[in-house]
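Have a look at coords03.cif; it's mmCIF, C-alpha atoms:
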data_input
#
loop_
_atom_site.label_atom_id
_atom_site.label_comp_id
_atom_site.auth_asym_id
_atom_site.auth_seq_id
_atom_site.Cartn_x
_atom_site.Cartn_y
_atom_site.Cartn_z
CA MET Q 273 -7.09 -36.00 -5.98
CA SER Q 274 -3.89 -36.19 -3.93
CA ALA Q 275 -1.02 -33.94 -4.93
CA PRO Q 276 2.19 -35.45 -6.38
CA VAL Q 277 4.78 -36.11 -3.69
CA ARG Q 278 8.58 -36.11 -4.01
CA PRO Q 279 11.15 -36.86 -1.32
CA ILE Q 280 13.71 -34.19 -0.60
CA THR Q 281 17.17 -33.73 0.90
CA ALA Q 282 18.47 -31.63 3.76
CA THR Q 283 20.20 -29.40 1.20
CA GLU Q 284 16.89 -28.73 -0.52
CA LEU Q 285 15.26 -27.92 2.81
CA GLY Q 286 18.11 -25.55 3.67
CA ALA Q 287 17.72 -23.82 0.33
CA HIS Q 288 14.40 -22.36 1.42
CA GLU Q 289 15.07 -18.96 2.94
CA PHE Q 290 13.10 -19.74 6.08
CA LEU Q 291 15.32 -22.73 6.92
CA SER Q 292 18.60 -21.44 5.48
CA GLY Q 293 21.47 -21.36 7.91
CA LEU Q 294 20.01 -23.92 10.31
CA SER Q 295 22.40 -26.76 11.13
CA ALA Q 296 22.71 -29.83 8.90
CA ARG Q 297 22.01 -31.97 11.95
CA PHE Q 298 18.72 -30.17 12.54
CA LEU Q 299 17.69 -30.38 8.87
CA HIS Q 300 18.70 -34.05 8.55
CA GLY Q 301 16.34 -34.78 11.43
CA LEU Q 302 13.47 -33.40 9.38
CA VAL Q 303 14.21 -35.15 6.08
CA PRO Q 304 12.54 -38.52 6.82
CA GLU Q 305 9.28 -36.68 7.44
CA ALA Q 306 9.53 -34.01 4.76
CA GLU Q 307 8.48 -33.99 1.14
CA ARG Q 308 7.89 -31.73 -1.83
CA ARG Q 309 4.36 -31.42 -3.21
CA GLU Q 310 3.00 -29.97 -6.41
CA LEU Q 311 -0.40 -28.39 -5.88
CA PRO Q 312 -2.74 -27.57 -8.76
CA VAL Q 313 -4.80 -24.40 -8.84
CA GLY Q 314 -7.76 -24.68 -6.51
CA HIS Q 315 -6.26 -27.47 -4.43
CA THR Q 316 -7.48 -27.23 -0.84
CA ILE Q 317 -4.49 -27.73 1.42
CA ALA Q 318 -6.34 -27.54 4.71
CA ARG Q 319 -9.60 -26.43 6.23
CA ALA Q 320 -10.11 -24.59 9.50
CA GLY Q 321 -10.61 -27.14 12.25
CA ASP Q 322 -8.57 -29.86 10.55
CA PRO Q 323 -5.74 -31.39 12.61
CA ALA Q 324 -2.61 -29.32 11.98
CA ARG Q 325 0.14 -31.84 11.37
CA GLU Q 326 2.35 -30.11 8.81
CA PHE Q 327 4.40 -26.98 8.18
CA PHE Q 328 4.45 -25.55 4.64
CA LEU Q 329 7.24 -23.63 2.92
CA ILE Q 330 6.33 -22.17 -0.47
CA GLU Q 331 8.88 -22.56 -3.26
CA VAL Q 332 6.75 -21.53 -6.23
CA GLY Q 333 3.21 -20.27 -6.70
CA LYS Q 334 0.65 -18.63 -4.48
CA VAL Q 335 -1.47 -19.79 -1.57
CA ALA Q 336 -4.55 -18.05 -0.20
CA LEU Q 337 -5.50 -18.17 3.45
CA GLU Q 338 -9.27 -17.91 3.77
CA ILE Q 339 -11.87 -17.72 6.45
CA ALA Q 340 -15.27 -19.21 5.89
CA ALA Q 341 -18.59 -19.37 7.64
CA HIS Q 342 -21.55 -21.46 6.63
CA ASP Q 343 -23.66 -18.41 5.83
CA ARG Q 344 -21.02 -16.32 4.07
CA PRO Q 345 -18.78 -16.71 1.02
CA HIS Q 346 -15.11 -17.49 1.53
CA LEU Q 347 -13.06 -14.42 2.36
CA THR Q 348 -9.38 -14.37 1.47
CA VAL Q 349 -7.43 -12.55 4.17
CA LEU Q 350 -3.86 -13.17 3.00
CA THR Q 351 -2.01 -14.50 0.00
CA LEU Q 352 1.49 -15.88 0.28
CA GLY Q 353 4.18 -16.47 -2.31
CA PRO Q 354 7.64 -17.96 -2.79
CA GLY Q 355 9.84 -17.81 0.29
CA GLU Q 356 6.89 -17.51 2.65
CA VAL Q 357 5.55 -20.10 5.10
CA PHE Q 358 2.20 -21.08 6.54
CA GLY Q 359 0.65 -23.66 8.81
CA TRP Q 360 2.07 -23.15 12.31
CA SER Q 361 -0.71 -24.66 14.40
CA TRP Q 362 1.29 -27.90 14.81
CA LEU Q 363 3.25 -25.81 17.34
CA VAL Q 364 0.34 -24.62 19.42
CA ALA Q 365 -2.27 -26.79 21.12
CA PRO Q 366 -4.92 -27.86 20.23
CA HIS Q 367 -3.05 -28.27 16.90
CA LEU Q 368 -5.95 -27.35 14.65
CA TRP Q 369 -5.91 -25.22 11.50
CA ARG Q 370 -7.27 -21.72 12.16
CA VAL Q 371 -7.96 -20.88 8.48
CA ASP Q 372 -8.51 -22.60 5.16
CA ALA Q 373 -5.49 -22.79 2.84
CA ARG Q 374 -5.85 -23.13 -0.92
CA ALA Q 375 -3.47 -22.99 -3.88
CA VAL Q 376 -4.49 -20.16 -6.21
CA LYS Q 377 -1.67 -20.69 -8.70
CA PRO Q 378 0.23 -23.85 -9.62
CA THR Q 379 2.23 -24.19 -6.42
CA ARG Q 380 5.19 -26.15 -5.17
CA VAL Q 381 5.70 -26.49 -1.44
CA LEU Q 382 8.07 -28.16 0.96
CA VAL Q 383 6.06 -29.94 3.64
CA VAL Q 384 7.56 -30.88 6.99
CA SER Q 385 5.83 -32.98 9.63
CA GLY Q 386 4.90 -30.99 12.72
CA THR Q 387 5.80 -33.97 14.89
CA ALA Q 388 9.29 -34.09 13.37
CA LEU Q 389 9.64 -30.35 13.86
CA ARG Q 390 8.61 -30.46 17.51
CA ARG Q 391 11.07 -33.30 18.06
CA ALA Q 392 13.87 -31.39 16.29
CA LEU Q 393 13.14 -28.18 18.18
CA ASP Q 394 13.43 -30.09 21.46
CA ALA Q 395 16.53 -31.99 20.41
CA HIS Q 396 18.44 -28.99 19.04
CA PRO Q 397 17.55 -25.98 21.19
CA THR Q 398 19.96 -23.60 19.46
CA ASP Q 399 18.42 -24.32 16.08
CA GLY Q 400 15.03 -24.43 17.70
CA TYR Q 401 15.53 -20.93 19.08
CA ARG Q 402 16.63 -19.65 15.67
CA PHE Q 403 13.62 -21.32 14.08
CA LEU Q 404 11.30 -19.56 16.50
CA GLN Q 405 13.17 -16.28 16.03
CA ARG Q 406 12.11 -16.52 12.40
CA LEU Q 407 8.59 -17.78 12.94
CA VAL Q 408 7.48 -15.42 15.72
CA PRO Q 409 8.15 -12.19 13.74
CA ILE Q 410 6.03 -13.59 10.92
CA LEU Q 411 3.21 -14.27 13.35
CA ALA Q 412 3.68 -10.80 14.87
CA GLN Q 413 3.57 -9.19 11.43
CA ARG Q 414 0.36 -11.07 10.61
CA LEU Q 415 -1.10 -9.92 13.93
CA ASP Q 416 -0.20 -6.30 13.02
CA ALA Q 417 -1.82 -6.82 9.64
CA THR Q 418 -4.93 -8.19 11.26
CA GLN Q 419 -5.13 -5.06 13.39
CA LEU Q 420 -5.09 -2.94 10.24
CA GLN Q 421 -7.76 -5.15 8.70
CA VAL Q 422 -9.90 -4.95 11.84
CA PHE Q 423 -9.45 -1.17 11.88
CA ASP Q 424 -10.71 -1.22 8.30
CA VAL Q 425 -8.45 1.76 7.69
CA TYR Q 426 -9.73 2.59 4.22
CA ARG Q 427 -13.36 2.74 5.28
CA PRO Q 428 -14.90 6.20 4.76
CA MET P 233 21.01 15.05 -3.99
CA SER P 234 19.81 15.48 -0.47
CA THR P 235 16.42 14.58 0.83
CA ALA P 236 16.01 18.05 2.30
CA ARG P 237 13.03 20.03 1.12
CA GLU P 238 13.86 22.00 -1.98
CA PRO P 239 12.01 24.99 -3.39
CA GLU P 240 10.32 23.06 -6.18
CA GLY P 241 7.02 24.81 -6.60
CA PRO P 242 4.84 27.60 -5.47
CA VAL P 243 3.74 27.51 -1.86
CA ALA P 244 0.80 29.69 -2.76
CA PRO P 245 -0.62 30.62 -6.14
CA SER P 246 1.68 32.76 -8.21
CA PRO P 247 1.01 36.47 -8.37
CA GLY P 248 -0.77 37.74 -11.40
CA HIS P 249 -3.69 35.31 -11.16
CA GLY P 250 -5.79 37.35 -8.79
CA SER P 251 -6.22 36.81 -5.04
CA PRO P 252 -5.15 33.41 -3.73
CA LEU P 253 -8.53 33.18 -2.06
CA GLU P 254 -10.57 33.98 -5.16
CA PRO P 255 -12.17 30.97 -6.85
CA ALA P 256 -12.27 30.69 -10.60
CA PRO P 257 -15.07 29.03 -12.57
CA PHE P 258 -14.41 25.66 -14.16
CA THR P 259 -16.64 23.25 -16.04
CA VAL P 260 -16.72 19.49 -15.63
CA ARG P 261 -15.29 18.31 -18.96
CA ALA P 262 -15.24 14.61 -18.14
CA ARG P 263 -16.40 12.40 -15.30
CA ALA P 264 -15.30 8.83 -14.55
CA GLN P 265 -16.85 6.65 -11.87
CA ASP P 266 -13.82 4.98 -10.27
CA THR P 267 -15.57 3.05 -7.53
CA ARG P 268 -18.95 2.91 -5.84
CA ASP P 269 -18.29 6.20 -4.01
CA THR P 270 -15.40 7.79 -5.88
CA VAL P 271 -15.28 9.72 -9.12
CA THR P 272 -12.58 11.47 -11.10
CA LEU P 273 -13.44 14.82 -12.61
CA ALA P 274 -11.57 16.65 -15.35
CA LEU P 275 -12.21 20.38 -14.96
CA ALA P 276 -11.66 22.84 -17.79
CA PRO P 277 -11.47 26.59 -17.23
CA THR P 278 -14.38 28.67 -18.36
CA GLY P 279 -13.86 32.09 -19.80
CA GLY P 280 -10.32 33.36 -19.79
CA THR P 281 -9.20 31.57 -16.64
CA GLY P 282 -5.99 29.62 -17.06
CA VAL P 283 -4.74 26.51 -15.29
CA ARG P 284 -1.66 27.12 -13.23
CA PRO P 285 1.22 24.67 -13.23
CA PHE P 286 1.23 22.49 -10.14
CA GLN P 287 3.59 20.35 -8.14
CA PRO P 288 2.61 16.68 -7.63
CA GLY P 289 1.09 16.43 -4.17
CA GLN P 290 -0.50 19.89 -4.13
CA PHE P 291 -4.22 20.43 -3.73
CA ASN P 292 -6.99 22.76 -4.83
CA MET P 293 -10.02 24.03 -2.95
CA LEU P 294 -13.12 22.92 -4.85
CA SER P 295 -16.73 23.86 -4.40
CA VAL P 296 -20.09 23.45 -6.00
CA PRO P 297 -21.75 26.82 -5.42
CA GLY P 298 -23.82 26.77 -2.25
CA ARG P 299 -22.63 23.30 -1.16
CA GLY P 300 -19.43 24.16 0.71
CA GLU P 301 -15.77 24.01 -0.17
CA VAL P 302 -13.28 21.20 0.31
CA ALA P 303 -9.57 20.56 -0.22
CA ILE P 304 -8.96 17.90 -2.87
CA SER P 305 -5.55 16.73 -4.06
CA ILE P 306 -4.72 17.16 -7.69
CA SER P 307 -4.60 13.75 -9.31
CA GLY P 308 -3.90 14.73 -12.90
CA ASP P 309 -0.81 14.51 -15.04
CA PRO P 310 1.49 17.47 -14.34
CA GLY P 311 2.71 17.22 -17.92
CA ARG P 312 -0.76 17.79 -19.32
CA ALA P 313 -1.75 21.42 -19.24
CA GLY P 314 -5.18 22.94 -19.61
CA GLU P 315 -7.29 21.11 -17.06
CA TRP P 316 -7.45 20.07 -13.44
CA VAL P 317 -8.06 16.45 -12.59
CA HIS P 318 -9.43 15.60 -9.16
CA THR P 319 -10.51 12.32 -7.64
CA VAL P 320 -13.32 12.85 -5.14
CA ARG P 321 -14.74 10.41 -2.65
CA SER P 322 -18.32 11.16 -1.74
CA LEU P 323 -18.43 11.59 2.03
CA GLY P 324 -19.92 14.91 3.16
CA LEU P 325 -22.05 17.67 1.70
CA ALA P 326 -19.33 19.27 -0.41
CA THR P 327 -17.85 16.03 -1.72
CA GLN P 328 -21.30 14.57 -2.42
CA ALA P 329 -22.06 17.62 -4.54
CA LEU P 330 -18.74 17.40 -6.35
CA ALA P 331 -19.00 13.66 -6.93
CA GLY P 332 -22.50 14.17 -8.27
CA SER P 333 -21.46 16.87 -10.74
CA ALA P 334 -22.45 16.01 -14.25
CA VAL P 335 -20.41 16.84 -17.33
CA GLY P 336 -20.98 20.50 -18.15
CA SER P 337 -21.74 21.61 -14.60
CA LEU P 338 -19.89 24.38 -12.81
CA VAL P 339 -17.21 23.89 -10.15
CA ALA P 340 -15.35 26.71 -8.44
CA VAL P 341 -11.63 26.18 -8.01
CA ARG P 342 -8.89 28.01 -6.20
CA GLY P 343 -5.31 26.89 -5.88
CA PRO P 344 -3.01 25.11 -6.26
CA TYR P 345 -1.93 25.16 -2.64
CA GLY P 346 0.58 23.55 -0.35
CA ARG P 347 3.90 21.86 -0.78
CA GLY P 348 3.97 18.65 -2.74
CA TRP P 349 6.29 15.70 -3.11
CA PRO P 350 9.99 16.57 -3.35
CA VAL P 351 10.35 15.05 -6.81
CA GLU P 352 13.83 16.40 -7.48
CA SER P 353 15.12 14.68 -4.33
CA ALA P 354 14.48 11.33 -6.04
CA GLY P 355 17.22 11.94 -8.61
CA GLY P 356 19.56 8.96 -8.85
CA LYS P 357 17.80 7.08 -6.06
CA ASP P 358 15.56 4.06 -5.76
CA VAL P 359 12.02 5.29 -5.27
CA VAL P 360 9.45 3.52 -3.10
CA ILE P 361 5.85 4.72 -3.26
CA VAL P 362 3.21 3.24 -0.99
CA ALA P 363 -0.39 4.38 -1.27
CA GLY P 364 -3.54 3.19 0.43
CA GLY P 365 -7.17 3.73 -0.52
CA VAL P 366 -7.86 7.12 -2.08
CA GLY P 367 -4.25 7.95 -1.14
CA LEU P 368 -3.38 6.85 -4.65
CA ALA P 369 -4.89 10.07 -6.00
CA PRO P 370 -2.24 12.44 -4.60
CA VAL P 371 0.59 10.15 -5.70
CA ARG P 372 -0.72 9.60 -9.23
CA PRO P 373 0.86 12.86 -10.50
CA LEU P 374 4.10 11.81 -8.82
CA VAL P 375 4.04 8.39 -10.49
CA LEU P 376 3.32 9.96 -13.87
CA GLU P 377 6.12 12.49 -13.42
CA LEU P 378 8.62 9.80 -12.41
CA LEU P 379 7.60 7.58 -15.30
CA ARG P 380 8.00 10.51 -17.71
CA HIS P 381 11.58 10.98 -16.47
CA ARG P 382 12.22 7.32 -15.74
CA ASP P 383 15.93 7.56 -16.55
CA ARG P 384 16.55 10.03 -13.73
CA ILE P 385 15.91 7.56 -10.90
CA GLY P 386 16.95 4.06 -9.90
CA ARG P 387 14.35 1.39 -9.20
CA LEU P 388 10.72 2.45 -9.06
CA GLU P 389 8.57 0.35 -6.70
CA VAL P 390 4.94 1.29 -6.20
CA THR P 391 2.70 -0.57 -3.77
CA TYR P 392 -1.00 0.19 -3.65
CA GLY P 393 -3.46 -1.21 -1.18
CA ALA P 394 -7.23 -0.92 -1.00
CA ARG P 395 -10.02 -2.35 1.08
CA THR P 396 -11.39 -4.71 -1.56
CA PRO P 397 -10.88 -5.21 -5.32
CA GLU P 398 -13.97 -3.06 -5.90
CA ASP P 399 -12.26 -0.15 -4.12
CA LEU P 400 -9.19 0.04 -6.35
CA LEU P 401 -8.80 3.36 -8.12
CA TYR P 402 -7.75 3.82 -11.75
CA ALA P 403 -8.15 0.12 -12.53
CA SER P 404 -7.30 0.34 -16.22
CA GLU P 405 -4.31 2.59 -15.61
CA LEU P 406 -3.10 0.26 -12.86
CA ALA P 407 -3.24 -2.61 -15.33
CA GLU P 408 -1.15 -0.57 -17.80
CA TRP P 409 1.39 0.35 -15.13
CA ARG P 410 1.70 -3.27 -14.07
CA ARG P 411 2.68 -4.26 -17.60
CA ARG P 412 5.71 -1.96 -17.50
CA THR P 413 9.08 -3.59 -17.26
CA ASP P 414 10.94 -0.53 -15.94
CA ALA P 415 8.95 -0.28 -12.71
CA ARG P 416 7.19 -2.65 -10.34
CA PHE P 417 3.62 -2.08 -9.22
CA GLN P 418 2.30 -4.28 -6.43
CA VAL P 419 -1.43 -4.18 -5.80
CA THR P 420 -2.99 -5.74 -2.74
CA VAL P 421 -6.36 -5.65 -1.04
CA ASP P 422 -7.23 -6.19 2.61
CA ALA P 423 -9.79 -8.88 1.85
CA ALA P 424 -11.33 -10.44 -1.24
CA GLY P 425 -13.60 -13.13 -2.50
CA ARG P 426 -12.45 -16.08 -4.57
CA ASP P 427 -13.00 -14.18 -7.80
CA TRP P 428 -9.94 -12.01 -7.06
CA TYR P 429 -6.70 -13.49 -8.35
CA GLY P 430 -4.37 -10.77 -7.10
CA ASP P 431 -2.60 -10.36 -3.78
CA VAL P 432 -4.44 -10.11 -0.47
CA GLY P 433 -2.93 -8.56 2.64
CA VAL P 434 -2.22 -5.10 3.96
CA VAL P 435 0.40 -2.95 2.25
CA THR P 436 2.87 -3.31 5.11
CA GLN P 437 3.09 -7.02 4.28
CA ARG P 438 4.43 -6.17 0.82
CA ILE P 439 7.34 -4.12 2.19
CA PRO P 440 9.62 -7.14 2.82
CA ASP P 441 9.29 -7.94 -0.88
CA THR P 442 9.95 -4.35 -2.02
CA ARG P 443 13.30 -3.89 -3.73
CA PHE P 444 15.42 -0.86 -2.88
CA ASP P 445 18.82 0.10 -1.59
CA GLY P 446 18.17 1.66 1.79
CA ARG P 447 21.41 3.64 1.54
CA ASN P 448 20.20 5.41 -1.59
CA ALA P 449 16.43 5.49 -1.69
CA ILE P 450 13.51 7.76 -0.99
CA ALA P 451 9.96 6.82 -0.04
CA TYR P 452 6.68 8.64 -0.56
CA LEU P 453 3.68 7.45 1.48
CA CYS P 454 0.04 8.46 1.25
CA GLY P 455 -2.96 6.91 2.97
CA PRO P 456 -4.52 6.61 6.40
CA GLU P 457 -2.11 7.74 9.11
CA ILE P 458 -1.88 4.36 10.82
CA MET P 459 -1.04 2.77 7.48
CA MET P 460 1.68 5.34 6.81
CA ARG P 461 3.14 4.94 10.30
CA LEU P 462 3.32 1.15 10.07
CA THR P 463 4.68 1.35 6.53
CA ALA P 464 7.35 3.84 7.61
CA GLU P 465 8.32 1.51 10.46
CA ALA P 466 8.55 -1.41 8.03
CA LEU P 467 10.73 0.65 5.68
CA GLU P 468 12.97 1.72 8.54
CA ALA P 469 13.32 -1.95 9.51
CA ARG P 470 14.52 -2.56 5.94
CA GLY P 471 17.26 0.06 6.38
CA LEU P 472 15.66 3.18 4.94
CA PRO P 473 16.45 6.15 7.17
CA ARG P 474 13.50 8.06 8.57
CA GLU P 475 14.83 11.21 6.89
CA ALA P 476 14.27 9.64 3.48
CA ILE P 477 10.55 9.05 4.07
CA TRP P 478 7.92 11.62 3.08
CA VAL P 479 4.24 11.45 3.95
CA SER P 480 1.15 13.36 2.85
CA LEU P 481 -1.17 14.26 5.68
CA GLU P 482 -4.81 15.21 5.69
CA ARG P 483 -6.53 17.58 8.06
CA THR P 484 -9.54 19.82 7.60
CA MET P 485 -8.30 22.66 5.42
CA GLN P 486 -10.32 25.80 4.99
CA CYS P 487 -8.37 28.81 3.79
CA GLY P 488 -5.63 26.88 2.00
CA VAL P 489 -3.02 29.57 2.61
CA GLY P 490 -2.10 29.25 6.29
CA LEU P 491 -4.36 31.96 7.68
CA CYS P 492 -7.19 30.21 9.50
CA GLY P 493 -5.33 27.53 11.45
CA HIS P 494 -7.89 24.76 10.95
CA CYS P 495 -5.28 22.37 9.63
CA GLN P 496 -2.74 22.87 12.37
CA LEU P 497 -0.71 19.85 13.42
CA GLY P 498 1.77 20.79 16.13
CA PRO P 499 3.99 23.50 14.65
CA TYR P 500 2.70 22.92 11.12
CA LEU P 501 -0.14 24.40 9.14
CA LEU P 502 -0.65 21.55 6.72
CA CYS P 503 -2.19 23.65 3.96
CA ARG P 504 0.87 25.87 3.88
CA ASP P 505 3.74 23.71 5.21
CA GLY P 506 2.34 20.44 3.83
CA PRO P 507 0.42 18.41 2.98
CA VAL P 508 3.69 16.61 2.17
CA LEU P 509 6.16 16.66 5.04
CA PRO P 510 9.18 14.65 6.15
CA TYR P 511 8.21 11.68 8.30
CA GLY P 512 11.20 12.29 10.53
CA ASP P 513 9.65 15.56 11.69
CA LEU P 514 6.14 14.16 11.97
CA ALA P 515 6.72 10.80 13.63
CA PRO P 516 6.58 12.13 17.21
CA LEU P 517 3.40 14.08 16.40
CA LEU P 518 1.68 11.08 14.85
CA ARG P 519 2.09 9.18 18.09
CA ILE P 520 0.15 11.75 20.09
CA ARG P 521 -3.40 10.47 20.41
CA GLY P 522 -6.08 12.91 19.42
CA LEU P 523 -3.70 15.44 17.86
#

Since I need it in another form, could you write the structure as structure tokens?
Amino acid sequence: MSAPVRPITATELGAHEFLSGLSARFLHGLVPEAERRELPVGHTIARAGDPAREFFLIEVGKVALEIAAHDRPHLTVLTLGPGEVFGWSWLVAPHLWRVDARAVKPTRVLVVSGTALRRALDAHPTDGYRFLQRLVPILAQRLDATQLQVFDVYRP
Amino acid sequence: MSTAREPEGPVAPSPGHGSPLEPAPFTVRARAQDTRDTVTLALAPTGGTGVRPFQPGQFNMLSVPGRGEVAISISGDPGRAGEWVHTVRSLGLATQALAGSAVGSLVAVRGPYGRGWPVESAGGKDVVIVAGGVGLAPVRPLVLELLRHRDRIGRLEVTYGARTPEDLLYASELAEWRRRTDARFQVTVDAAGRDWYGDVGVVTQRIPDTRFDGRNAIAYLCGPEIMMRLTAEALEARGLPREAIWVSLERTMQCGVGLCGHCQLGPYLLCRDGPVLPYGDLAPLLRIRGL
């Protein structure tokens, strides 16, 4: 079942803390290819290996990022809540999801096309740089977290 | 109030209770299986032995006769006299024996030892507590003490991380704490199956969502050293000065009173000068590999 879709405005995009402060020109460029979606509990947003065409900004709810293998149960490695973002593989070739993403609470997200984002980042380098200044620390923090998980620091 | 160490409790057992190295007999009054490998024991004195007052963060030396002795943090309520409560993870000979102790069996106890959390330094400030794994045990008395005197501090934010949902300590008490409206308890696990509906991620990832005023806050951290170091860095990035961060360290402790030197870390003997110490003093030492 597809999730309900609602169009949004540049103001609504800019109200999300990840995009706040970026120029109106930059945000207006995203609007035609952005929307708001309501996701029910259990809704699978993406699976690892799927083409990564969209960037997600959580407004309400909770999303689990999971890894899965055919011979093992799903393992949740991170949950994200309001104000957080996920789905950055549209930026990095080969543009494929690296994890599964699933709504674990009733969730509302802003969804922006990766193509529109790449175009906007190219067209507005100042905003593009600020965008990446926000995205890269998140990726770095998740890399740090992965190190702690790999270390398995609480293991006896 | 400053964050400087204040003389809040005995460094070594008070005089009048016999030698600080002399164990006293206790009986296991109650035993709770917290996780697959961790139990909490309530120990009552046998005979005329009393239970000394303790400072949250201090530890006792526990032993099952003939099975070795080990330092274990006190995890009980400092406001509840008459028994020692210890949470023990079964790892080596001594802890296996302790964790396997049935109700009614004998445990030898000496202590309390060390310097605990500077509770008085929290007065009027926002308090951030971050614990990982069995590191919740040494901060449990601190949490209980702060909750008992809730009006003396600002915000109270407690974040607890464990390996999996099955490894969370004090599950029922955690659920009670999380229902409180005068404090916020965040619980997260490093990984989980789909039957876990809570947060997943390492504790450092909860720090951006932790509410405190960095100009007037104090933090208490307890867990694996790498977790405490990364958490301290995340708190510093949020504006909390290094001087306002306290950590509890673990090394092999033997005498408990600063005589044998087994627990030395740089200039510190952790059994005597710690286990709780200011992160500002320890940060350079924690970066030395192998120390």

Exercise. Quick one, how far is CA of Ile339 (chain Q) from CA of Ala320 (chain Q)?
Worked result: 7.7 Å

Write out as CSV the residues of chain P that have any atom within 6 Å of an atom of chain Q, one row each with the nearest atom pair and its distance in Å to one decimal, counting all atoms listed in the file, sorted by chain and then rising number.
residue,atom,partner,partner_atom,distance
P:Gly365,CA,Q:Tyr426,CA,5.5
P:Arg395,CA,Q:Tyr426,CA,5.9
P:Ala423,CA,Q:Val349,CA,4.9
P:Ala424,CA,Q:Thr348,CA,5.2
P:Gly425,CA,Q:Leu347,CA,5.1
P:Asp431,CA,Q:Thr351,CA,5.6
P:Val432,CA,Q:Leu350,CA,4.7
P:Gly433,CA,Q:Leu350,CA,4.7
P:Val434,CA,Q:Ala417,CA,5.9

Mind running region 358-399 of chain Q against region 291-300 of chain Q at 7 Å and telling me each contacting residue's nearest atom pair with the distance in Å (one decimal), counting all atoms listed in the file, chain and number ascending, as CSV?
residue,atom,partner,partner_atom,distance
Q:Ala392,CA,Q:Phe298,CA,6.3
Q:His396,CA,Q:Phe298,CA,6.6
Q:Asp399,CA,Q:Leu294,CA,6.0

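Pairwise distance (CA of Thr463 (chain P), CA of Gly364 (chain P)) equals 10.4 Å.
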
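Using only C-alpha atoms, the nearest neighbour of Ala340 (chain P) within the list P:Ile361, P:Val296, P:Leu472, P:Leu323 is P:Val296.
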
Your completed region 297-309 of chain P with N, CA and C atoms, as a PDB file, keeping the file's coordinate frame:
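Result went into result39.pdb, see below:
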ATOM      1  N   PRO P 297     -21.154  25.645  -6.052  1.00  0.00           N
ATOM      2  CA  PRO P 297     -21.750  26.820  -5.420  1.00  0.00           C
ATOM      3  C   PRO P 297     -22.902  26.471  -4.473  1.00  0.00           C
ATOM      4  N   GLY P 298     -22.784  26.981  -3.241  1.00  0.00           N
ATOM      5  CA  GLY P 298     -23.820  26.770  -2.250  1.00  0.00           C
ATOM      6  C   GLY P 298     -23.713  25.459  -1.498  1.00  0.00           C
ATOM      7  N   ARG P 299     -22.732  24.626  -1.805  1.00  0.00           N
ATOM      8  CA  ARG P 299     -22.630  23.300  -1.160  1.00  0.00           C
ATOM      9  C   ARG P 299     -21.340  23.131  -0.377  1.00  0.00           C
ATOM     10  N   GLY P 300     -20.643  24.248  -0.099  1.00  0.00           N
ATOM     11  CA  GLY P 300     -19.430  24.160   0.710  1.00  0.00           C
ATOM     12  C   GLY P 300     -18.191  23.910  -0.130  1.00  0.00           C
ATOM     13  N   GLU P 301     -17.053  24.101   0.527  1.00  0.00           N
ATOM     14  CA  GLU P 301     -15.770  24.010  -0.170  1.00  0.00           C
ATOM     15  C   GLU P 301     -14.913  22.949   0.520  1.00  0.00           C
ATOM     16  N   VAL P 302     -14.081  22.293  -0.266  1.00  0.00           N
ATOM     17  CA  VAL P 302     -13.280  21.200   0.310  1.00  0.00           C
ATOM     18  C   VAL P 302     -11.937  21.127  -0.415  1.00  0.00           C
ATOM     19  N   ALA P 303     -10.907  20.731   0.362  1.00  0.00           N
ATOM     20  CA  ALA P 303      -9.570  20.560  -0.220  1.00  0.00           C
ATOM     21  C   ALA P 303      -9.493  19.187  -0.891  1.00  0.00           C
ATOM     22  N   ILE P 304      -9.101  19.170  -2.150  1.00  0.00           N
ATOM     23  CA  ILE P 304      -8.960  17.900  -2.870  1.00  0.00           C
ATOM     24  C   ILE P 304      -7.604  17.903  -3.589  1.00  0.00           C
ATOM     25  N   SER P 305      -6.860  16.850  -3.396  1.00  0.00           N
ATOM     26  CA  SER P 305      -5.550  16.730  -4.060  1.00  0.00           C
ATOM     27  C   SER P 305      -5.726  16.715  -5.570  1.00  0.00           C
ATOM     28  N   ILE P 306      -4.710  17.212  -6.228  1.00  0.00           N
ATOM     29  CA  ILE P 306      -4.720  17.160  -7.690  1.00  0.00           C
ATOM     30  C   ILE P 306      -4.216  15.772  -8.100  1.00  0.00           C
ATOM     31  N   SER P 307      -4.979  15.104  -8.936  1.00  0.00           N
ATOM     32  CA  SER P 307      -4.600  13.750  -9.310  1.00  0.00           C
ATOM     33  C   SER P 307      -4.258  13.620 -10.788  1.00  0.00           C
ATOM     34  N   GLY P 308      -4.171  14.768 -11.470  1.00  0.00           N
ATOM     35  CA  GLY P 308      -3.900  14.730 -12.900  1.00  0.00           C
ATOM     36  C   GLY P 308      -2.429  14.644 -13.229  1.00  0.00           C
ATOM     37  N   ASP P 309      -2.179  14.616 -14.526  1.00  0.00           N
ATOM     38  CA  ASP P 309      -0.810  14.510 -15.040  1.00  0.00           C
ATOM     39  C   ASP P 309      -0.199  15.910 -15.070  1.00  0.00           C
TER      40      ASP P 309
END
